[in-house]
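Each remark here refers to the structure printed beneath this line.
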Amino acid sequence: MIIGEAPGYDEDRAGEPFVGPAGQLLTKMLAAIKLSREEVYITNVVKCHPPQNRNPHQDEIETCHPYLKAQLDIIRPKLILTLGNFATQTLLQTTEGITNLRGRFFDYHGIKLLPTFHPAALLRNPGWKRSAWHDLQLLQKAYQPTP
Ligand code: URA
């Protein structure tokens, strides 16, 4: 299961997560570790598009949290990849930044959770792609699809 921040403009129009430029990069990142979008469940912490792409507010994160928890209970993912600060901090209940949290596994109620950079951040900071590639390879090693 892959968890991002909130729908952007393109996602709001399409009614689907990660279909804009960040989503296209996410699709390529998954392909690099031999995963198709059909093999993963992709969602966001916040379910509505924050106006002007502003950061989600705490009350919006809290309002959407029961929905995200229900998704986690239904999907019962083997692994969780959190993209960026909002998803990582929400699930791990921390204020620590993504730069310190990325690249290692945490336990989320018995599920392995790996934080990495958000693809939109990678589009703005291409120099971070090397670290993201390291993280994706960790994910690939931890993911053993059933034959
Ligand atoms: N960024 C996100 O965090 N989620 C999306 O669905 C699209 C962009």
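Chain labels A, B, ... are given in the sequence in which chains occur in the structure tokens; within each chain residues are numbered consecutively from 1, and ligands are likewise numbered from 1 in the order shown.
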Per residue of chain A within 9 Å of ligand 1, which atom pair is closest and at what distance in Å (one decimal), using only C-alpha atoms and all ligand atoms, listed by chain and increasing number, as a Markdown table?
```
| residue | atom | partner | partner_atom_place_in_ligand_line | distance |
| --- | --- | --- | --- | --- |
| A:Ile3 | CA | ligand 1 | 3 (O) | 7.6 |
| A:Gly4 | CA | ligand 1 | 3 (O) | 3.9 |
| A:Glu5 | CA | ligand 1 | 3 (O) | 3.4 |
| A:Ala6 | CA | ligand 1 | 3 (O) | 4.5 |
| A:Pro7 | CA | ligand 1 | 6 (O) | 4.0 |
| A:Gly8 | CA | ligand 1 | 7 (C) | 4.9 |
| A:Tyr9 | CA | ligand 1 | 7 (C) | 8.1 |
| A:Asp10 | CA | ligand 1 | 7 (C) | 7.7 |
| A:Glu11 | CA | ligand 1 | 6 (O) | 5.7 |
| A:Asp12 | CA | ligand 1 | 6 (O) | 8.3 |
| A:Glu16 | CA | ligand 1 | 6 (O) | 7.0 |
| A:Pro17 | CA | ligand 1 | 6 (O) | 3.6 |
| A:Phe18 | CA | ligand 1 | 6 (O) | 3.8 |
| A:Val19 | CA | ligand 1 | 7 (C) | 6.7 |
| A:Gly20 | CA | ligand 1 | 7 (C) | 6.5 |
| A:Pro21 | CA | ligand 1 | 8 (C) | 8.0 |
| A:Ala22 | CA | ligand 1 | 8 (C) | 5.7 |
| A:Gly23 | CA | ligand 1 | 7 (C) | 6.1 |
| A:Ile42 | CA | ligand 1 | 6 (O) | 8.1 |
| A:Thr43 | CA | ligand 1 | 6 (O) | 6.8 |
| A:Asn44 | CA | ligand 1 | 4 (N) | 5.7 |
| A:Val45 | CA | ligand 1 | 3 (O) | 8.0 |
| A:Val46 | CA | ligand 1 | 3 (O) | 8.5 |
| A:Lys47 | CA | ligand 1 | 6 (O) | 8.8 |
| A:His49 | CA | ligand 1 | 6 (O) | 8.9 |
| A:Leu83 | CA | ligand 1 | 3 (O) | 7.2 |
| A:Gly84 | CA | ligand 1 | 3 (O) | 8.0 |
| A:Phe86 | CA | ligand 1 | 3 (O) | 8.5 |
| A:Ala87 | CA | ligand 1 | 3 (O) | 8.3 |
| A:His118 | CA | ligand 1 | 3 (O) | 7.2 |
| A:Pro119 | CA | ligand 1 | 1 (N) | 7.8 |
| A:Ala120 | CA | ligand 1 | 1 (N) | 6.7 |
```
| Could you pull the residues within 9 Å of Thr99 in chain A, counting only C-alpha atoms, minus those fewer than 5 positions along the same chain, as a list in words? |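 Listing them by chain and then by number gives Gly84, Asn85, Thr116 and Phe117 of chain A.
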Please produce an output containing all heavy atoms for each residue in the selection, written as a compact mmCIF listing (two decimals), in the first residue's frame.
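Once everything was written out, this is result29.txt:
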```txt
# COMPACT_ATOMS: atom_id res chain seq x y z
N GLY A 84 6.64 11.09 1.66
CA GLY A 84 6.77 12.46 2.17
C GLY A 84 6.38 12.63 3.62
O GLY A 84 5.99 11.68 4.32
N ASN A 85 6.47 13.87 4.07
CA ASN A 85 6.27 14.21 5.48
C ASN A 85 4.88 13.87 6.00
O ASN A 85 4.74 13.29 7.07
CB ASN A 85 6.50 15.71 5.68
CG ASN A 85 7.95 16.02 5.98
OD1 ASN A 85 8.62 15.28 6.71
ND2 ASN A 85 8.44 17.10 5.41
N THR A 116 9.65 7.22 2.38
CA THR A 116 10.58 7.74 1.37
C THR A 116 10.12 9.13 0.94
O THR A 116 9.06 9.60 1.36
CB THR A 116 10.74 6.78 0.17
OG1 THR A 116 11.88 7.19 -0.60
CG2 THR A 116 9.51 6.77 -0.73
N PHE A 117 10.92 9.77 0.10
CA PHE A 117 10.56 11.10 -0.38
C PHE A 117 9.30 11.03 -1.24
O PHE A 117 9.05 10.04 -1.95
CB PHE A 117 11.69 11.69 -1.22
CG PHE A 117 12.90 12.09 -0.43
CD1 PHE A 117 14.15 11.57 -0.72
CD2 PHE A 117 12.79 13.00 0.61
CE1 PHE A 117 15.27 11.94 0.00
CE2 PHE A 117 13.91 13.40 1.35
CZ PHE A 117 15.15 12.86 1.04
```
| task | Using backbone DSSP assignments, extract all strand (DSSP E) residues from range 5-138 of chain A; output them as a ChimeraX atom specification. | result | /A:42-44,79-83,106-108,111-116
| said: As an exercise, work out the distance from CA of Lys141 in chain A to CA of Lys78 in chain A in Å and give it to one decimal place. | reply: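 About the pair CA of Lys141 in chain A and CA of Lys78 in chain A: they are 12.8 Å apart.
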| request: Pick out the residues sitting within 9 Å of Leu114 in chain A, and hand them over as a list in words; count only C-alpha atoms, and ignore anything fewer than 3 positions along from it in its own chain. | output: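 Near neighbours after the sequence-gap exclusion: Leu79, Ile80, Leu81, Thr82, Leu83, Thr88, Leu101, Arg102, Gly103, Arg104, Phe105, Phe106, Asp107, Asp135, Leu138 and Leu139 of chain A.
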| said: Taking only C-alpha atoms into account, name the residue in A:Ile33, A:Ala14, A:Gly127, A:Met1 that is nearest to Lys112 in chain A. | reply: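 Looking only at the distances to Lys112 in chain A, the closest residue turns out to be A:Met1.
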| task | Measuring atom to atom with only C-alpha atoms, identify which of A:Pro115, A:Pro56, A:Pro126, A:Gly15 is nearest to Leu91 in chain A. | result |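 Between A:Pro115, A:Pro56, A:Pro126, A:Gly15, the residue approaching Leu91 in chain A most closely is A:Pro115.
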| field | Among the residues A:Cys48, A:Ala142, A:Leu92, A:Ile98, the one that comes closest to Trp128 in chain A [using only C-alpha atoms] | value |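 Once distances to Trp128 in chain A are computed over only C-alpha atoms, the minimum belongs to A:Ile98.
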| Proximity to Leu113 in chain A - best of A:Tyr67, A:Tyr143, A:Met29, A:Pro50, only C-alpha atoms |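 Selected residue with least distance to Leu113 in chain A: A:Tyr143.
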